[in-house]
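See structure below.
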Amino acid sequence: PRLANQIAAGEVVERPASVIKELLENSLDSSARRIDIEVEQGGVKLLRVRDDGNGIPAEDLPLALARHATSKIRDLSDLEQVLSLGFRGEALASISSVSRLTLTSRTVEASEAWQVETEGRDMHSRIQPAAHPVGTSVEVRDLFFNTPARRKFLRTEKTEFDHLQEVVRRLALARFDVGFNLRHNGKSVLALREATDEAGRARRVGAVCGPAFLEQALPVDVERSGVRLWGWVGLPTFSRSQADLQYFFVNGRAVRDKLVAHAVRQAYRDVLFNGRHPTFVLFLEVDPAAVDVNVHPTKHEVRFRDSRMVHDFLYGTLHRALADVRP
Ligand code: ADP
Ligand code: MG
């Protein structure tokens, strides 16, 4: 089964960024309010995610590392939803098969924390008491230490960390209600307190996207027939070397979508900002029944029931906002 895990790991675990994504999603699933991430050498040497979520009961700890061991399927309708998301209950098993992994956790009912360790395909899985507050820590060391072929595909430390940081940024924008701390090689890179009001959210956008973006960005907040679009649009005069400041969330989920990109680009173009690269952090809130976010589990695509309406609403809102400030 460990070999099967390693094969599955090829799908789930491509690089440190894909590990961090799975670990952060687990922390968020466990109702964490604060997540601390410690990274060394771009995540190849060490990735540690500590949360203050619900924790894992001691008897479930070894199970959490086993394949298809999700605790998140409760009934058949759940199962269907889970299946549509692709592999489930495989992330920890896969990650542990290509690293040295330590899982430490404590539930609120438990008087102490418990810990299991694994090393690649050799499941040591000693379970022992440990010191840890309520919540969970997953420590992943020496990623791909036992799969040299995969390790060869890793890029430089900086590139790997850039990818990893992008995952954290996207989730930090999706979850203003959770605090995130990210450290790389002992230095703080992001320190985001939970943001509960407008000022706090703006502060977070400034920290994640850079103060220069926030300073010039146009705040947007428009609601029409039950659809709300809010966030920040960068003015076309804002130039940023990193071309990819485009964050779009549908009902709290990060989405990269052709229809959305098209509507924004067209609004820019029609206000005579020809050829400018749009920058934005935008949140669309719609009736969940009007959108299918699980079209593809990893590609961040969406399908709107009334895509024409969404496109026109986006275009119209942004066009009006931009036209107001046209130089
Ligand atoms: P999945 O998230 O699809 O269920 P994973 O392999 O990512 O599968 O995790 C396996 C199980 O381990 C989860 O279902 C959950 O019960 C438990 N788990 C993992 N990480 C955490 C965490 N940070 N807090 C609480 N439970 C966790
Ligand atoms: Mg998971």
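Residues are named by chain letter and number: chains run A, B, ... in the order of the structure tokens, numbers start at 1 in each chain, and ligands are numbered from 1 in the order shown.
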
Test item: residues at most 7 Å from region 21-30 of chain A, only C-alpha atoms, excluding those fewer than 4 positions along its chain, as a list in words: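 Listing them by chain and then by number gives Ala17, Val49, Asp51, Gly53, Asn54, Ala91 and Val167 of chain A.
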
Limited to C-alpha atoms, could you put the picked residues into a file as an mmCIF file, in the first residue's frame?
```cif
data_model
loop_
_atom_site.group_PDB
_atom_site.id
_atom_site.type_symbol
_atom_site.label_atom_id
_atom_site.label_comp_id
_atom_site.auth_asym_id
_atom_site.auth_seq_id
_atom_site.Cartn_x
_atom_site.Cartn_y
_atom_site.Cartn_z
ATOM 1 C CA ALA A 17 3.255 24.353 -2.915
ATOM 2 C CA VAL A 49 1.711 23.811 9.497
ATOM 3 C CA ASP A 51 -3.352 25.095 13.553
ATOM 4 C CA GLY A 53 -8.489 23.584 14.976
ATOM 5 C CA ASN A 54 -10.476 20.651 16.293
ATOM 6 C CA ALA A 91 -3.351 13.776 0.800
ATOM 7 C CA VAL A 167 -0.982 29.345 -2.340
#
```

Between chain A and ligand 1, at 10 Å or less, what are the per-residue closest atom pairs and their distances in Å? Count only C-alpha atoms and all ligand atoms, order by chain and rising residue number, and return it as CSV.
```
residue,atom,partner,partner_atom_place_in_ligand_line,distance
A:Val19,CA,ligand 1,7 (O),9.9
A:Lys21,CA,ligand 1,7 (O),9.9
A:Glu22,CA,ligand 1,7 (O),6.1
A:Leu23,CA,ligand 1,20 (N),6.5
A:Leu24,CA,ligand 1,23 (N),7.4
A:Glu25,CA,ligand 1,2 (O),7.3
A:Asn26,CA,ligand 1,20 (N),4.5
A:Ser27,CA,ligand 1,23 (N),3.8
A:Leu28,CA,ligand 1,23 (N),7.4
A:Asp29,CA,ligand 1,24 (N),7.1
A:Ser30,CA,ligand 1,24 (N),4.8
A:Ser31,CA,ligand 1,24 (N),8.1
A:Ala32,CA,ligand 1,24 (N),7.9
A:Ile35,CA,ligand 1,23 (N),9.5
A:Val49,CA,ligand 1,23 (N),8.0
A:Arg50,CA,ligand 1,23 (N),7.5
A:Asp51,CA,ligand 1,23 (N),6.3
A:Asp52,CA,ligand 1,24 (N),8.2
A:Gly53,CA,ligand 1,24 (N),5.8
A:Asn54,CA,ligand 1,25 (C),5.7
A:Gly55,CA,ligand 1,25 (C),4.4
A:Ile56,CA,ligand 1,26 (N),5.0
A:Pro57,CA,ligand 1,26 (N),8.7
A:Asp60,CA,ligand 1,16 (O),7.7
A:Leu61,CA,ligand 1,12 (O),7.5
A:Pro62,CA,ligand 1,12 (O),9.1
A:Leu63,CA,ligand 1,12 (O),7.4
A:Ala64,CA,ligand 1,12 (O),4.0
A:Leu65,CA,ligand 1,10 (C),6.4
A:Ala66,CA,ligand 1,6 (O),7.6
A:Arg67,CA,ligand 1,6 (O),7.2
A:His68,CA,ligand 1,8 (O),7.2
A:Ala69,CA,ligand 1,10 (C),5.6
A:Thr70,CA,ligand 1,4 (O),3.4
A:Ser71,CA,ligand 1,14 (O),3.8
A:Lys72,CA,ligand 1,14 (O),5.2
A:Ile73,CA,ligand 1,4 (O),7.9
A:Val82,CA,ligand 1,3 (O),8.1
A:Leu85,CA,ligand 1,3 (O),9.2
A:Gly86,CA,ligand 1,3 (O),9.3
A:Phe87,CA,ligand 1,3 (O),7.2
A:Arg88,CA,ligand 1,3 (O),3.8
A:Gly89,CA,ligand 1,8 (O),3.1
A:Glu90,CA,ligand 1,6 (O),4.2
A:Ala91,CA,ligand 1,6 (O),3.8
A:Leu92,CA,ligand 1,6 (O),3.8
A:Ala93,CA,ligand 1,6 (O),5.8
A:Ser94,CA,ligand 1,6 (O),7.6
A:Ile95,CA,ligand 1,6 (O),8.5
A:Ser96,CA,ligand 1,6 (O),9.6
A:Leu103,CA,ligand 1,20 (N),8.5
A:Thr104,CA,ligand 1,23 (N),9.3
A:Ser105,CA,ligand 1,24 (N),7.6
A:Arg106,CA,ligand 1,25 (C),9.0
A:Thr107,CA,ligand 1,25 (C),8.8
A:Val134,CA,ligand 1,24 (N),9.9
A:Gly135,CA,ligand 1,24 (N),6.5
A:Thr136,CA,ligand 1,23 (N),5.0
A:Ser137,CA,ligand 1,23 (N),6.7
A:Val138,CA,ligand 1,23 (N),7.2
```

Closest atom pairs, region 192-256 of chain A residues within 9 Å of region 268-291 of chain A, only C-alpha atoms, as CSV:
```
residue,atom,partner,partner_atom,distance
A:Val205,CA,A:Val281,CA,8.1
A:Cys209,CA,A:Val281,CA,8.8
A:Phe213,CA,A:Thr279,CA,8.6
A:Ala217,CA,A:Phe280,CA,8.2
A:Val220,CA,A:Leu282,CA,8.3
A:Gly226,CA,A:Val286,CA,6.7
A:Val227,CA,A:Val286,CA,5.0
A:Arg228,CA,A:Glu285,CA,5.1
A:Leu229,CA,A:Leu284,CA,4.6
A:Trp230,CA,A:Phe283,CA,5.3
A:Gly231,CA,A:Leu282,CA,4.5
A:Trp232,CA,A:Val281,CA,5.2
A:Val233,CA,A:Phe280,CA,4.4
A:Gly234,CA,A:Thr279,CA,4.9
A:Leu235,CA,A:Thr279,CA,7.6
A:Pro236,CA,A:Arg276,CA,6.0
A:Thr237,CA,A:Arg276,CA,8.4
A:Phe238,CA,A:Thr279,CA,8.3
A:Ser239,CA,A:His277,CA,8.3
A:Arg240,CA,A:Thr279,CA,8.8
A:Ala243,CA,A:His277,CA,7.4
A:Asp244,CA,A:Thr279,CA,7.5
A:Leu245,CA,A:Thr279,CA,5.1
A:Gln246,CA,A:Phe280,CA,5.0
A:Tyr247,CA,A:Val281,CA,4.6
A:Phe248,CA,A:Leu282,CA,4.9
A:Phe249,CA,A:Phe283,CA,4.8
A:Val250,CA,A:Leu284,CA,4.8
A:Asn251,CA,A:Glu285,CA,5.0
A:Gly252,CA,A:Phe283,CA,7.3
A:Arg253,CA,A:Phe283,CA,9.0
```

Counting only C-alpha atoms, closest pick from A:Thr102, A:Arg256, A:Asp36, A:Glu14 relative to Val178 (chain A) is A:Asp36

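With distances restricted to only C-alpha atoms, A:Ser111 is the closest residue to Ala58 (chain A) from A:Asn146, A:Ser111, A:Ser99, A:Gln41.
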
What is the distance between CA of Glu112 (chain A) and CA of Glu40 (chain A), in Å to one decimal?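 CA of Glu40 (chain A) lies at a distance of 28.1 Å from CA of Glu112 (chain A).
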
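Coordinates place CA of His319 (chain A) at a distance of 8.5 Å from CA of Gln266 (chain A).
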
I want to know what sits within 9 Å of region 179-181 of chain A, based on only C-alpha atoms, with residues of the same chain fewer than 2 positions away left out; could you give that as a list in words?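 Result of the neighbour search: Ala32, Arg33, Arg34, Ile35, Asp36, Ile37, Glu38, Val168, Ala172, Arg175, Phe176, Asp177, Arg183, Ser188, Val189, Leu190, Ala191, Leu192, Arg193, Glu194 and Ala195 of chain A.
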
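Every protein, DNA or RNA residue with an atom at most 12 Å from His163 (chain A), where only C-alpha atoms count and chain neighbours fewer than 4 positions away do not, is listed here: Glu14, Arg15, Pro16, Ala17, Ser18, Val19, Ile20, Lys21, Gly42, Gly43, Leu154, Arg155, Thr156, Glu157, Lys158, Thr159, Val167, Val168, Arg169 and Arg170 of chain A.
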
Could you go through region 183-293 of chain A and tell me which residues DSSP, when run on the backbone, assigns to helix (DSSP H, G or I), listing them as a PyMOL selection string? chain A and resi 198-209+211-216+258-270+288-290

Using DSSP on the backbone coordinates, identify the residues of region 71-258 of chain A assigned to strand (DSSP E); present them as a ChimeraX atom specification. /A:100-106,113-119,127-130,135-141,179-184,187-192,218-224,227-233,246-250,253-254

Which residue, A:Val255, A:Ala207, A:Val108, A:Leu101, has the smallest gap to Phe304 (chain A) when you use only C-alpha atoms?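 Among the listed residues, A:Val255 lies closest to Phe304 (chain A).
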
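You can rank A:Val12, A:Leu164, A:Val116, A:Leu318 by their closest distance to ligand 2 using only C-alpha atoms and all ligand atoms, and at the top of that list sits A:Val12.
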